[in-house]
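Here the structure is laid out as structure tokens; the discussion comes afterwards.
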Amino acid sequence: MANEYAQLATLKAMLNVETDDASRDVLLSKALTAASRSIDRACGRRFWLDEAASTRIYKSAGRVVCDDAGERLLVDDIGGASITVETGSGGSWTTVALTDWETWPDNALVRDRPVTAIGKLSGYWPGGTGRVRVTAQWGWPAVPEDIEQATLLQASRLYKRKDSPEGVTGSAEWGVVRLSRRDPDVWALIEHFILPGFG
């Protein structure tokens, strides 16, 4: 599996394909992968969780939000509970004590949502050329149900697209219909996950 957001068996059930019928599995799997990656691109983020922690470095300039609660450094989605924060630059890094920062939004991981910012409880994030190095498991703690359903709808649409040449489909009851470029149901399911500047 290449981090698809829905199971092949679920897509087969949705399309009324028998579970033991493997004749379409390759095409259906490709549709699931394409649907999952198209949702990633539309949202500007991905919804699977890395298996292991890795390090990302952020320049705080332009990524710090200030309000009454203090400074928050905006980071990529973090889905794992183990997070290490360091400041510095080049080869010189200093670990920021756990008592000096907190994750935001509050209780995100408990609600199967990602951590999207790290709040500084004392002092400020480094300015100028200073950097913040964060080691964590990136992604979402669990694939949201809306994303799973959008993936199934989009994969079904992609699979059936082979039967609608030139983007036109038809039936005896309704006649010929041109397919819309964007599925409104898929869009309704994913729009509240879209990061600003995407979509």
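By convention in this document, the chains of the structure tokens carry letters A, B, ... by their order, each chain's residues are numbered from 1, and ligands are numbered from 1 in the order they are shown.
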
Q.
When you look at Arg56 in chain A with a cut-off of 9 Å (counting only C-alpha atoms), what residues show up, excluding the ones that are within fewer than 3 positions of it in the same chain? I need them as a PyMOL selection string.
A. chain A and resi 76+132-136

Write a file of the selected residues as a short mmCIF file (atom, residue, chain, number, x, y, z; two decimals), in the first residue's frame, keeping N, CA and C atoms.
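Output contents, as saved in part-v5.cif:
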data_model
loop_
_atom_site.label_atom_id
_atom_site.label_comp_id
_atom_site.auth_asym_id
_atom_site.auth_seq_id
_atom_site.Cartn_x
_atom_site.Cartn_y
_atom_site.Cartn_z
N ASP A 76 4.82 21.98 10.03
CA ASP A 76 4.06 21.00 9.27
C ASP A 76 3.28 20.13 10.25
N VAL A 132 14.78 26.84 14.03
CA VAL A 132 14.20 25.91 15.00
C VAL A 132 14.20 24.54 14.34
N ARG A 133 14.76 23.55 15.03
CA ARG A 133 14.82 22.19 14.51
C ARG A 133 13.83 21.33 15.30
N VAL A 134 12.93 20.70 14.59
CA VAL A 134 11.88 19.89 15.23
C VAL A 134 12.02 18.45 14.74
N THR A 135 12.07 17.53 15.69
CA THR A 135 12.12 16.10 15.37
C THR A 135 10.81 15.49 15.84
N ALA A 136 10.08 14.86 14.90
CA ALA A 136 8.76 14.31 15.23
C ALA A 136 8.33 13.34 14.14
#

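Residues with any atom within 12 Å of Asp67 in chain A, counting only C-alpha atoms and excluding same-chain neighbours fewer than 5 positions away, are A:Arg72, A:Leu73, A:Gly119, A:Lys120.
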
With C-alpha atoms retained, write the just-selected residues as a PDB file, in the first residue's frame.
ATOM      1  CA  ARG A  72       3.560  30.109  18.155  1.00  0.00           C
ATOM      2  CA  LEU A  73       5.851  28.690  15.479  1.00  0.00           C
ATOM      3  CA  GLY A 119       4.014  27.739  21.407  1.00  0.00           C
ATOM      4  CA  LYS A 120       6.905  29.353  23.279  1.00  0.00           C
TER       5      LYS A 120
END

Q.
Could you pull out the strand (DSSP E) residues of range 10-161 of chain A, going by DSSP on the backbone, and write them as an MDAnalysis selection string?
A. chainID A and resid 54:59 64:67 70:78 84:89 92:95 101:104 115:120 131:136

Store the residues picked out above in a file with N, CA and C atoms, as a CSV table (one decimal), in the first residue's frame.
chain,number,residue,atom,x,y,z
A,54,SER,N,11.5,12.1,12.1
A,54,SER,CA,12.6,12.7,11.3
A,54,SER,C,12.6,14.2,11.7
A,55,THR,N,13.7,14.8,11.2
A,55,THR,CA,14.0,16.2,11.6
A,55,THR,C,13.6,17.1,10.4
A,56,ARG,N,13.0,18.3,10.8
A,56,ARG,CA,12.8,19.4,9.9
A,56,ARG,C,13.2,20.6,10.5
A,57,ILE,N,13.8,21.5,9.7
A,57,ILE,CA,14.3,22.8,10.2
A,57,ILE,C,13.5,23.9,9.7
A,58,TYR,N,13.1,24.9,10.6
A,58,TYR,CA,12.3,26.0,10.2
A,58,TYR,C,13.0,27.3,10.5
A,59,LYS,N,13.0,28.2,9.6
A,59,LYS,CA,13.4,29.6,9.9
A,59,LYS,C,12.2,30.3,10.5
A,64,VAL,N,6.1,32.7,12.6
A,64,VAL,CA,5.7,32.9,14.0
A,64,VAL,C,4.4,33.8,14.0
A,65,VAL,N,3.5,33.3,14.8
A,65,VAL,CA,2.2,34.0,15.0
A,65,VAL,C,2.2,34.5,16.5
A,66,CYS,N,1.9,35.8,16.7
A,66,CYS,CA,1.9,36.3,18.1
A,66,CYS,C,0.4,36.7,18.5
A,67,ASP,N,0.1,36.3,19.7
A,67,ASP,CA,-1.2,36.7,20.3
A,67,ASP,C,-1.0,36.8,21.8
A,70,GLY,N,1.1,34.3,23.6
A,70,GLY,CA,2.6,34.3,23.3
A,70,GLY,C,2.9,34.0,21.8
A,71,GLU,N,4.0,33.5,21.6
A,71,GLU,CA,4.5,33.2,20.2
A,71,GLU,C,4.2,31.7,19.8
A,72,ARG,N,3.7,31.5,18.7
A,72,ARG,CA,3.6,30.1,18.2
A,72,ARG,C,4.3,30.0,16.8
A,73,LEU,N,5.1,29.0,16.7
A,73,LEU,CA,5.9,28.7,15.5
A,73,LEU,C,5.0,27.7,14.7
A,74,LEU,N,4.6,28.1,13.5
A,74,LEU,CA,3.8,27.2,12.6
A,74,LEU,C,4.7,26.2,12.0
A,75,VAL,N,4.3,24.9,12.2
A,75,VAL,CA,5.1,23.8,11.7
A,75,VAL,C,4.2,22.9,10.8
A,76,ASP,N,4.8,22.0,10.0
A,76,ASP,CA,4.1,21.0,9.3
A,76,ASP,C,3.3,20.1,10.2
A,77,ASP,N,2.3,19.4,9.8
A,77,ASP,CA,1.4,18.6,10.6
A,77,ASP,C,2.3,17.5,11.3
A,78,ILE,N,2.1,17.5,12.7
A,78,ILE,CA,2.8,16.5,13.5
A,78,ILE,C,1.7,15.6,14.1
A,84,THR,N,10.8,16.7,19.8
A,84,THR,CA,12.0,17.3,20.3
A,84,THR,C,12.1,18.7,19.6
A,85,VAL,N,12.4,19.7,20.3
A,85,VAL,CA,12.5,21.1,19.8
A,85,VAL,C,13.9,21.6,20.2
A,86,GLU,N,14.6,22.1,19.1
A,86,GLU,CA,16.0,22.7,19.4
A,86,GLU,C,16.0,24.0,18.6
A,87,THR,N,16.9,24.9,19.1
A,87,THR,CA,17.1,26.2,18.4
A,87,THR,C,18.6,26.3,18.1
A,88,GLY,N,18.9,27.1,17.1
A,88,GLY,CA,20.3,27.3,16.8
A,88,GLY,C,20.4,27.5,15.3
A,89,SER,N,21.6,27.2,14.8
A,89,SER,CA,21.9,27.2,13.3
A,89,SER,C,23.1,26.4,13.0
A,92,SER,N,25.3,24.0,15.5
A,92,SER,CA,25.2,24.2,17.0
A,92,SER,C,23.7,24.3,17.3
A,93,TRP,N,23.2,23.3,18.0
A,93,TRP,CA,21.8,23.3,18.4
A,93,TRP,C,21.7,23.1,19.9
A,94,THR,N,20.7,23.8,20.5
A,94,THR,CA,20.4,23.7,21.9
A,94,THR,C,19.0,23.2,22.1
A,95,THR,N,18.8,22.2,22.9
A,95,THR,CA,17.5,21.6,23.1
A,95,THR,C,16.7,22.6,24.0
A,101,TRP,N,7.9,25.1,26.1
A,101,TRP,CA,7.1,25.1,24.9
A,101,TRP,C,5.9,24.2,25.1
A,102,GLU,N,4.9,24.4,24.3
A,102,GLU,CA,3.7,23.5,24.3
A,102,GLU,C,3.2,23.4,22.8
A,103,THR,N,2.5,22.3,22.6
A,103,THR,CA,1.9,22.1,21.3
A,103,THR,C,0.6,22.8,21.2
A,104,TRP,N,0.2,23.1,19.9
A,104,TRP,CA,-1.0,23.8,19.6
A,104,TRP,C,-1.6,23.2,18.4
A,115,VAL,N,-0.8,18.3,15.4
A,115,VAL,CA,-0.2,19.5,16.0
A,115,VAL,C,0.3,20.4,14.9
A,116,THR,N,-0.1,21.6,14.8
A,116,THR,CA,0.3,22.5,13.7
A,116,THR,C,1.1,23.7,14.1
A,117,ALA,N,1.4,23.8,15.4
A,117,ALA,CA,2.2,24.9,15.9
A,117,ALA,C,2.8,24.6,17.3
A,118,ILE,N,4.0,25.2,17.6
A,118,ILE,CA,4.6,25.0,18.8
A,118,ILE,C,4.7,26.4,19.5
A,119,GLY,N,4.1,26.5,20.7
A,119,GLY,CA,4.0,27.7,21.4
A,119,GLY,C,5.2,27.9,22.3
A,120,LYS,N,5.8,29.1,22.4
A,120,LYS,CA,6.9,29.4,23.3
A,120,LYS,C,6.3,29.9,24.6
A,131,ARG,N,17.3,29.4,13.6
A,131,ARG,CA,16.4,28.3,13.1
A,131,ARG,C,15.9,27.6,14.3
A,132,VAL,N,14.8,26.8,14.0
A,132,VAL,CA,14.2,25.9,15.0
A,132,VAL,C,14.2,24.5,14.3
A,133,ARG,N,14.8,23.6,15.0
A,133,ARG,CA,14.8,22.2,14.5
A,133,ARG,C,13.8,21.3,15.3
A,134,VAL,N,12.9,20.7,14.6
A,134,VAL,CA,11.9,19.9,15.2
A,134,VAL,C,12.0,18.4,14.7
A,135,THR,N,12.1,17.5,15.7
A,135,THR,CA,12.1,16.1,15.4
A,135,THR,C,10.8,15.5,15.8
A,136,ALA,N,10.1,14.9,14.9
A,136,ALA,CA,8.8,14.3,15.2
A,136,ALA,C,8.3,13.3,14.1

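Running DSSP on the backbone gives alpha helix (DSSP H) for these residues within range 20-131 of chain A: Asp25, Val26, Leu27, Leu28, Ser29, Lys30, Ala31, Leu32, Thr33, Ala34, Ala35, Ser36, Arg37, Ser38, Ile39, Asp40, Arg41, Ala42 and Cys43 of chain A.
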
Sorted per-residue table, range 80-175 of chain A near range 12-19 of chain A, closest atoms and distance, 10 Å, only C-alpha atoms, as a Markdown table:
| residue | atom | partner | partner_atom | distance |
| --- | --- | --- | --- | --- |
| A:Leu152 | CA | A:Met14 | CA | 8.1 |
| A:Leu153 | CA | A:Met14 | CA | 9.0 |
| A:Ser156 | CA | A:Leu15 | CA | 7.2 |
| A:Tyr159 | CA | A:Leu15 | CA | 9.6 |
| A:Lys160 | CA | A:Leu15 | CA | 9.6 |

Could the residues in this selection be saved with C-alpha atoms as a tab-separated table (two decimals), in the first residue's frame?
chain	number	residue	atom	x	y	z
A	152	LEU	CA	-13.53	6.49	-2.22
A	153	LEU	CA	-15.69	8.90	-4.24
A	156	SER	CA	-14.72	5.50	-8.03
A	159	TYR	CA	-12.13	4.15	-12.24
A	160	LYS	CA	-15.37	4.86	-14.11
